[in-house]
Amino acid sequence: MTYDLSHQAIRDGVQKLCADFPGEYWRRCDREQAYPTAFVRALTDAGYLSALIPEAHGGLGLPISAGAAILEEIHHSGGNAAACHAQMYTMGTVLRHGSDAQKLEYLPGIADGSLRLQAFGVTEPTSGTDTTALRTTARRDGDTYIINGQKIWTSRAEHSDLMLLLARTTPRDEVEKRTEGLSVFLVDMRKVKGASLTIRPIRTMMNHATTELFFDDMPVPAANLIGEEGKGFRYILSGMNAERILISAECIGDAKWFIDKAARYATDREVFGRPIGQNQGVQFPIARAYAEMRAAELMLNEAIMRFEAGGNPGEEANLSKMLCADASWAAAEACVQTHGGFGFAEEYDIERKYREARLYQVAPISTNMILSYIAEHVLDMPRSY
Ligand SMILES: Cc1cc2nc3c(=O)[nH]c(=O)nc-3n(C[C@H](O)[C@H](O)[C@H](O)COP(=O)(O)OP(=O)(O)OC[C@H]3O[C@@H](n4cnc5c(N)ncnc54)[C@H](O)[C@@H]3O)c2cc1C
């Protein structure tokens with residue numbers, strides 16, 4: 001099958017935009033743990049963050065392969081799209097399951113950048129990966145839901161107007177299946193921040209603008225419930241393939257950046273009177289990382305093709321996320337090793353990208369949970385948890 005996933009004009013445009021945000025820019029943000037506001041603004045103004053929003057709602061109406069191309073190029077340029085990537089996939093929940101009124105109210109603003117939907121509140125400190133055990137509750141009181149509880153790792157909450165929030169509307173012991181009784185809300189954080197919503201930043205090993213949130217009788221209009229009450233877990237799951245595909249593309253971009261950097265340095269750096277890249281001990285890990293990246297990229301393209309054909313490619317999206325994250329991590333290792341001591345020097349950007357690439361072994365889904373998915377849903381082995 002031939003299928004053009006290249007979106008070359010988009011890639012060229014993103015590369016041009018990223019050239020205005022060189023390593024020095026990302027290094028400064030990283031040092032100060034500062035949000036890359038200027039970069040996100042430039043990306044928004046150029047329309048790239050609205051790529052997946054339908055034209056009828058003010059977006060570019062492009063397929064997911066275009067979103068993947070955008071994110072890959074950002075990472076391939078040495079930047080990091082984690083500051084804003086969530087907008088691409090969280091928006092999909094509103095698009096697929098929101099009412100016409102909600103789409104009309106929110107999507108055009110998200111598309112033109114006047115509204116930011118960057119925050120996605122699912123993970124909680126006590127439940128972790130076991131999402132259905134989450135403890136945040138939403139109790140209906142007339143036209144309002146009252147929300148109480150806590151989230152952790154809610155990235156970009158300080159830099160977002162809206163948040164997609166998963167909370168329990170029916171206690172776990174009152175539903176037949178633990179996946180029932182959870183609901184999704186579109187929370188306008190501007191109305192509750194500093195009052196019933198407290199946001200506390202968490203400093204992390206890389207610059208990620210992540211936070212913990214506390215809800216203390218936080219009111220959310222019932223009109224902001226997405227879809228049907230109690231069906232929220234299904235809505236969140238329906239966005240997971242898109243999320244995994246887009247994150248995979250970021251990993252491929254990282255892998256290409258590490259490989260380019262390593263191959264160039266191995267060719268230029270002379271020790272013992274010859275380029276270090278002339279030694280097979282140096283060139284093989286880079287060549288292997290390239291092979292692994294290309295293989296992972298094929299799986300990513302397979303997931304994209306199936307997704308764009310209207311399928312629900314859980315297997316391919318999960319495999320892609322795992323293989324692409326592994327490929328970027330192998331490339332990161334090879335790149336640090338090739339640079340010797342300079343791999344640890346801030347000004348080379350490698351140690352920063354290395355810290356950033358490590359995240360994808362854990363988030364948005366850890367490798368173990370992908371292996372569990374493959375074992376249970378693809379290979380029909382017993383459920384392990
Ligand atoms: C920087 C950062 C940003 C994030 N951003 C967001 C965000 O915006 N929104 C959001 O909702 N979440 C976010 N997360 C949360 C992320 O999705 C979780 O950290 C991740 O899913 C793992 O959950 P956990 O940290 O609770 O680990 P745990 O669930 O406590 O698991 C710890 C370890 O045990 C393993 N493990 C657990 N259960 C099993 C099992 N049954 N079998 C095998 N292994 C198992 C896991 O794989 C993991 O390695 C973010 C996390 C980080 C670090």
# chains A, B, ... in the order shown; residues from 1 in each chain; ligands from 1
>>> residues_around(residues="Tyr385 of chain A", least_positions_apart="5", cutoff="10 Å", atoms="only C-alpha atoms", output="compact mmCIF listing (two decimals) with N, CA and C atoms, in the first residue's frame")
# COMPACT_ATOMS: atom_id res chain seq x y z
N ASP A 130 -4.13 2.74 37.93
CA ASP A 130 -5.45 2.12 38.11
C ASP A 130 -6.53 3.21 38.08
N MET A 369 2.44 -1.30 31.08
CA MET A 369 1.00 -1.35 30.81
C MET A 369 0.75 -1.65 29.33
N SER A 372 1.19 -5.34 29.07
CA SER A 372 -0.01 -6.00 29.62
C SER A 372 -1.13 -5.98 28.59
>>> select_by_dssp(residues="segment 151-272 of chain A", states="alpha helix (DSSP H)", output="number ranges by chain")
A: 232-238, 240-268
>>> write_last_selection(atoms="N, CA and C atoms", output="CSV table (one decimal), in the first residue's frame")
chain,number,residue,atom,x,y,z
A,232,GLY,N,-17.7,8.4,31.0
A,232,GLY,CA,-16.5,9.2,30.8
A,232,GLY,C,-15.3,8.3,30.5
A,233,PHE,N,-15.2,7.2,31.2
A,233,PHE,CA,-14.0,6.4,31.0
A,233,PHE,C,-13.9,6.0,29.5
A,234,ARG,N,-15.0,5.6,28.9
A,234,ARG,CA,-15.0,5.2,27.5
A,234,ARG,C,-14.6,6.4,26.7
A,235,TYR,N,-15.0,7.6,27.0
A,235,TYR,CA,-14.6,8.8,26.2
A,235,TYR,C,-13.1,9.0,26.3
A,236,ILE,N,-12.6,8.9,27.5
A,236,ILE,CA,-11.1,9.1,27.6
A,236,ILE,C,-10.4,8.0,26.8
A,237,LEU,N,-10.8,6.8,27.0
A,237,LEU,CA,-10.2,5.7,26.2
A,237,LEU,C,-10.2,5.9,24.7
A,238,SER,N,-11.3,6.5,24.2
A,238,SER,CA,-11.4,6.7,22.8
A,238,SER,C,-10.4,7.7,22.2
A,240,MET,N,-7.2,7.7,23.4
A,240,MET,CA,-5.9,7.2,23.8
A,240,MET,C,-5.1,6.8,22.5
A,241,ASN,N,-5.7,6.2,21.5
A,241,ASN,CA,-5.0,5.9,20.3
A,241,ASN,C,-4.3,7.1,19.7
A,242,ALA,N,-5.1,8.2,19.6
A,242,ALA,CA,-4.6,9.4,19.0
A,242,ALA,C,-3.4,9.9,19.9
A,243,GLU,N,-3.6,9.9,21.2
A,243,GLU,CA,-2.5,10.3,22.1
A,243,GLU,C,-1.2,9.5,21.8
A,244,ARG,N,-1.4,8.2,21.8
A,244,ARG,CA,-0.2,7.3,21.6
A,244,ARG,C,0.5,7.6,20.3
A,245,ILE,N,-0.3,7.8,19.2
A,245,ILE,CA,0.2,8.0,17.9
A,245,ILE,C,1.0,9.4,17.9
A,246,LEU,N,0.4,10.4,18.5
A,246,LEU,CA,1.1,11.7,18.5
A,246,LEU,C,2.4,11.7,19.3
A,247,ILE,N,2.3,11.0,20.5
A,247,ILE,CA,3.5,10.9,21.3
A,247,ILE,C,4.6,10.1,20.6
A,248,SER,N,4.2,9.0,19.9
A,248,SER,CA,5.2,8.2,19.1
A,248,SER,C,5.9,9.1,18.1
A,249,ALA,N,5.2,10.0,17.5
A,249,ALA,CA,5.8,10.9,16.5
A,249,ALA,C,6.9,11.8,17.2
A,250,GLU,N,6.6,12.2,18.4
A,250,GLU,CA,7.6,13.1,19.2
A,250,GLU,C,8.8,12.2,19.4
A,251,CYS,N,8.6,10.9,19.8
A,251,CYS,CA,9.7,10.1,20.1
A,251,CYS,C,10.6,9.9,18.8
A,252,ILE,N,9.9,9.7,17.7
A,252,ILE,CA,10.7,9.6,16.4
A,252,ILE,C,11.5,10.8,16.1
A,253,GLY,N,10.9,12.0,16.4
A,253,GLY,CA,11.6,13.2,16.2
A,253,GLY,C,12.8,13.3,17.1
A,254,ASP,N,12.7,12.9,18.4
A,254,ASP,CA,13.8,12.9,19.3
A,254,ASP,C,14.9,11.9,18.8
A,255,ALA,N,14.4,10.7,18.4
A,255,ALA,CA,15.4,9.7,17.9
A,255,ALA,C,16.2,10.3,16.7
A,256,LYS,N,15.5,11.0,15.8
A,256,LYS,CA,16.3,11.5,14.6
A,256,LYS,C,17.2,12.6,15.1
A,257,TRP,N,16.8,13.4,16.1
A,257,TRP,CA,17.7,14.5,16.5
A,257,TRP,C,19.0,13.8,17.2
A,258,PHE,N,18.8,12.8,18.0
A,258,PHE,CA,19.9,12.2,18.7
A,258,PHE,C,20.9,11.5,17.7
A,259,ILE,N,20.2,10.9,16.7
A,259,ILE,CA,21.0,10.1,15.7
A,259,ILE,C,21.8,11.1,14.8
A,260,ASP,N,21.2,12.2,14.3
A,260,ASP,CA,21.9,13.2,13.5
A,260,ASP,C,23.1,13.8,14.3
A,261,LYS,N,22.8,14.1,15.5
A,261,LYS,CA,23.8,14.8,16.4
A,261,LYS,C,25.0,13.8,16.6
A,262,ALA,N,24.6,12.5,16.9
A,262,ALA,CA,25.7,11.6,17.2
A,262,ALA,C,26.5,11.3,15.9
A,263,ALA,N,25.8,11.1,14.8
A,263,ALA,CA,26.6,10.8,13.6
A,263,ALA,C,27.5,11.9,13.2
A,264,ARG,N,27.0,13.1,13.3
A,264,ARG,CA,27.8,14.3,13.0
A,264,ARG,C,29.1,14.4,13.9
A,265,TYR,N,28.8,14.3,15.2
A,265,TYR,CA,29.9,14.4,16.1
A,265,TYR,C,31.0,13.3,15.9
A,266,ALA,N,30.4,12.0,15.7
A,266,ALA,CA,31.4,10.9,15.5
A,266,ALA,C,32.2,11.1,14.3
A,267,THR,N,31.7,11.8,13.3
A,267,THR,CA,32.5,12.0,12.1
A,267,THR,C,33.5,13.2,12.3
A,268,ASP,N,33.1,14.2,13.1
A,268,ASP,CA,34.0,15.3,13.2
A,268,ASP,C,35.1,15.2,14.3
>>> residues_near_ligand(ligand="ligand 1", cutoff="7 Å", atoms="only C-alpha atoms and all ligand atoms", output="VMD selection string")
chain A and resid 119 to 125 127 to 130 152 to 155 204 208 210 359 362 to 369 372 384 to 385
>>> write_last_selection(atoms="N, CA and C atoms", output="compact mmCIF listing (two decimals), in the first residue's frame")
# COMPACT_ATOMS: atom_id res chain seq x y z
N ALA A 119 -4.84 21.27 29.55
CA ALA A 119 -4.74 20.44 30.76
C ALA A 119 -5.70 19.26 30.70
N PHE A 120 -5.20 18.14 31.22
CA PHE A 120 -5.90 16.87 31.12
C PHE A 120 -5.74 16.19 32.49
N GLY A 121 -6.79 16.20 33.30
CA GLY A 121 -6.67 15.72 34.67
C GLY A 121 -7.25 14.33 34.85
N VAL A 122 -6.39 13.33 34.79
CA VAL A 122 -6.82 11.94 34.97
C VAL A 122 -6.10 11.33 36.18
N THR A 123 -4.77 11.38 36.17
CA THR A 123 -3.98 10.66 37.18
C THR A 123 -4.17 11.25 38.58
N GLU A 124 -4.27 10.35 39.56
CA GLU A 124 -4.38 10.77 40.96
C GLU A 124 -3.27 10.11 41.77
N PRO A 125 -2.90 10.73 42.91
CA PRO A 125 -1.77 10.19 43.67
C PRO A 125 -2.02 8.79 44.21
N SER A 127 -4.41 6.41 43.14
CA SER A 127 -4.81 5.37 42.18
C SER A 127 -3.77 5.11 41.10
N GLY A 128 -3.00 6.11 40.72
CA GLY A 128 -1.96 5.92 39.69
C GLY A 128 -2.53 5.36 38.40
N THR A 129 -1.89 4.30 37.91
CA THR A 129 -2.29 3.68 36.65
C THR A 129 -3.69 3.06 36.72
N ASP A 130 -4.13 2.74 37.93
CA ASP A 130 -5.45 2.12 38.11
C ASP A 130 -6.53 3.21 38.08
N ILE A 152 -2.87 14.58 40.25
CA ILE A 152 -1.42 14.81 40.22
C ILE A 152 -0.92 14.67 38.79
N TRP A 153 0.17 15.34 38.51
CA TRP A 153 0.77 15.33 37.16
C TRP A 153 -0.17 15.94 36.12
N THR A 154 -0.95 16.93 36.54
CA THR A 154 -1.79 17.60 35.55
C THR A 154 -0.91 18.66 34.90
N SER A 155 -0.38 18.31 33.76
CA SER A 155 0.60 19.18 33.12
C SER A 155 -0.07 20.41 32.52
N THR A 204 10.34 18.97 38.22
CA THR A 204 10.70 17.63 37.74
C THR A 204 12.09 17.65 37.11
N HIS A 208 8.69 20.65 32.49
CA HIS A 208 7.44 20.08 31.96
C HIS A 208 6.18 20.81 32.42
N THR A 210 4.44 20.71 35.04
CA THR A 210 3.42 19.82 35.57
C THR A 210 3.02 20.26 36.98
N LEU A 359 11.12 10.43 29.86
CA LEU A 359 9.72 10.46 30.31
C LEU A 359 8.86 9.42 29.60
N VAL A 362 7.55 6.15 30.78
CA VAL A 362 6.58 6.14 31.90
C VAL A 362 5.24 6.77 31.52
N ALA A 363 5.28 7.87 30.82
CA ALA A 363 4.06 8.64 30.52
C ALA A 363 3.95 8.81 29.01
N PRO A 364 2.75 8.99 28.49
CA PRO A 364 1.47 8.96 29.18
C PRO A 364 1.02 7.56 29.59
N ILE A 365 1.74 6.56 29.15
CA ILE A 365 1.46 5.19 29.63
C ILE A 365 2.79 4.48 29.73
N SER A 366 2.95 3.72 30.80
CA SER A 366 4.25 3.08 31.00
C SER A 366 4.36 1.82 30.13
N THR A 367 5.61 1.46 29.87
CA THR A 367 5.89 0.30 29.02
C THR A 367 5.21 -0.96 29.55
N ASN A 368 5.22 -1.14 30.87
CA ASN A 368 4.59 -2.35 31.44
C ASN A 368 3.11 -2.43 31.07
N MET A 369 2.44 -1.30 31.08
CA MET A 369 1.00 -1.35 30.81
C MET A 369 0.75 -1.65 29.33
N SER A 372 1.19 -5.34 29.07
CA SER A 372 -0.01 -6.00 29.62
C SER A 372 -1.13 -5.98 28.59
N SER A 384 -3.57 -9.47 33.96
CA SER A 384 -2.61 -9.56 35.06
C SER A 384 -2.92 -8.60 36.20
N TYR A 385 -3.94 -7.76 36.04
CA TYR A 385 -4.20 -6.80 37.14
C TYR A 385 -5.68 -6.55 37.25
>>> closest_residue(among="A:Ala69, A:Leu164, A:Leu197, A:Cys84", to="Tyr35 of chain A", atoms="only C-alpha atoms")
A:Cys84
>>> closest_residue(among="A:Arg306, A:Gly149, A:Met163, A:Thr144", to="Leu115 of chain A", atoms="only C-alpha atoms")
A:Met163
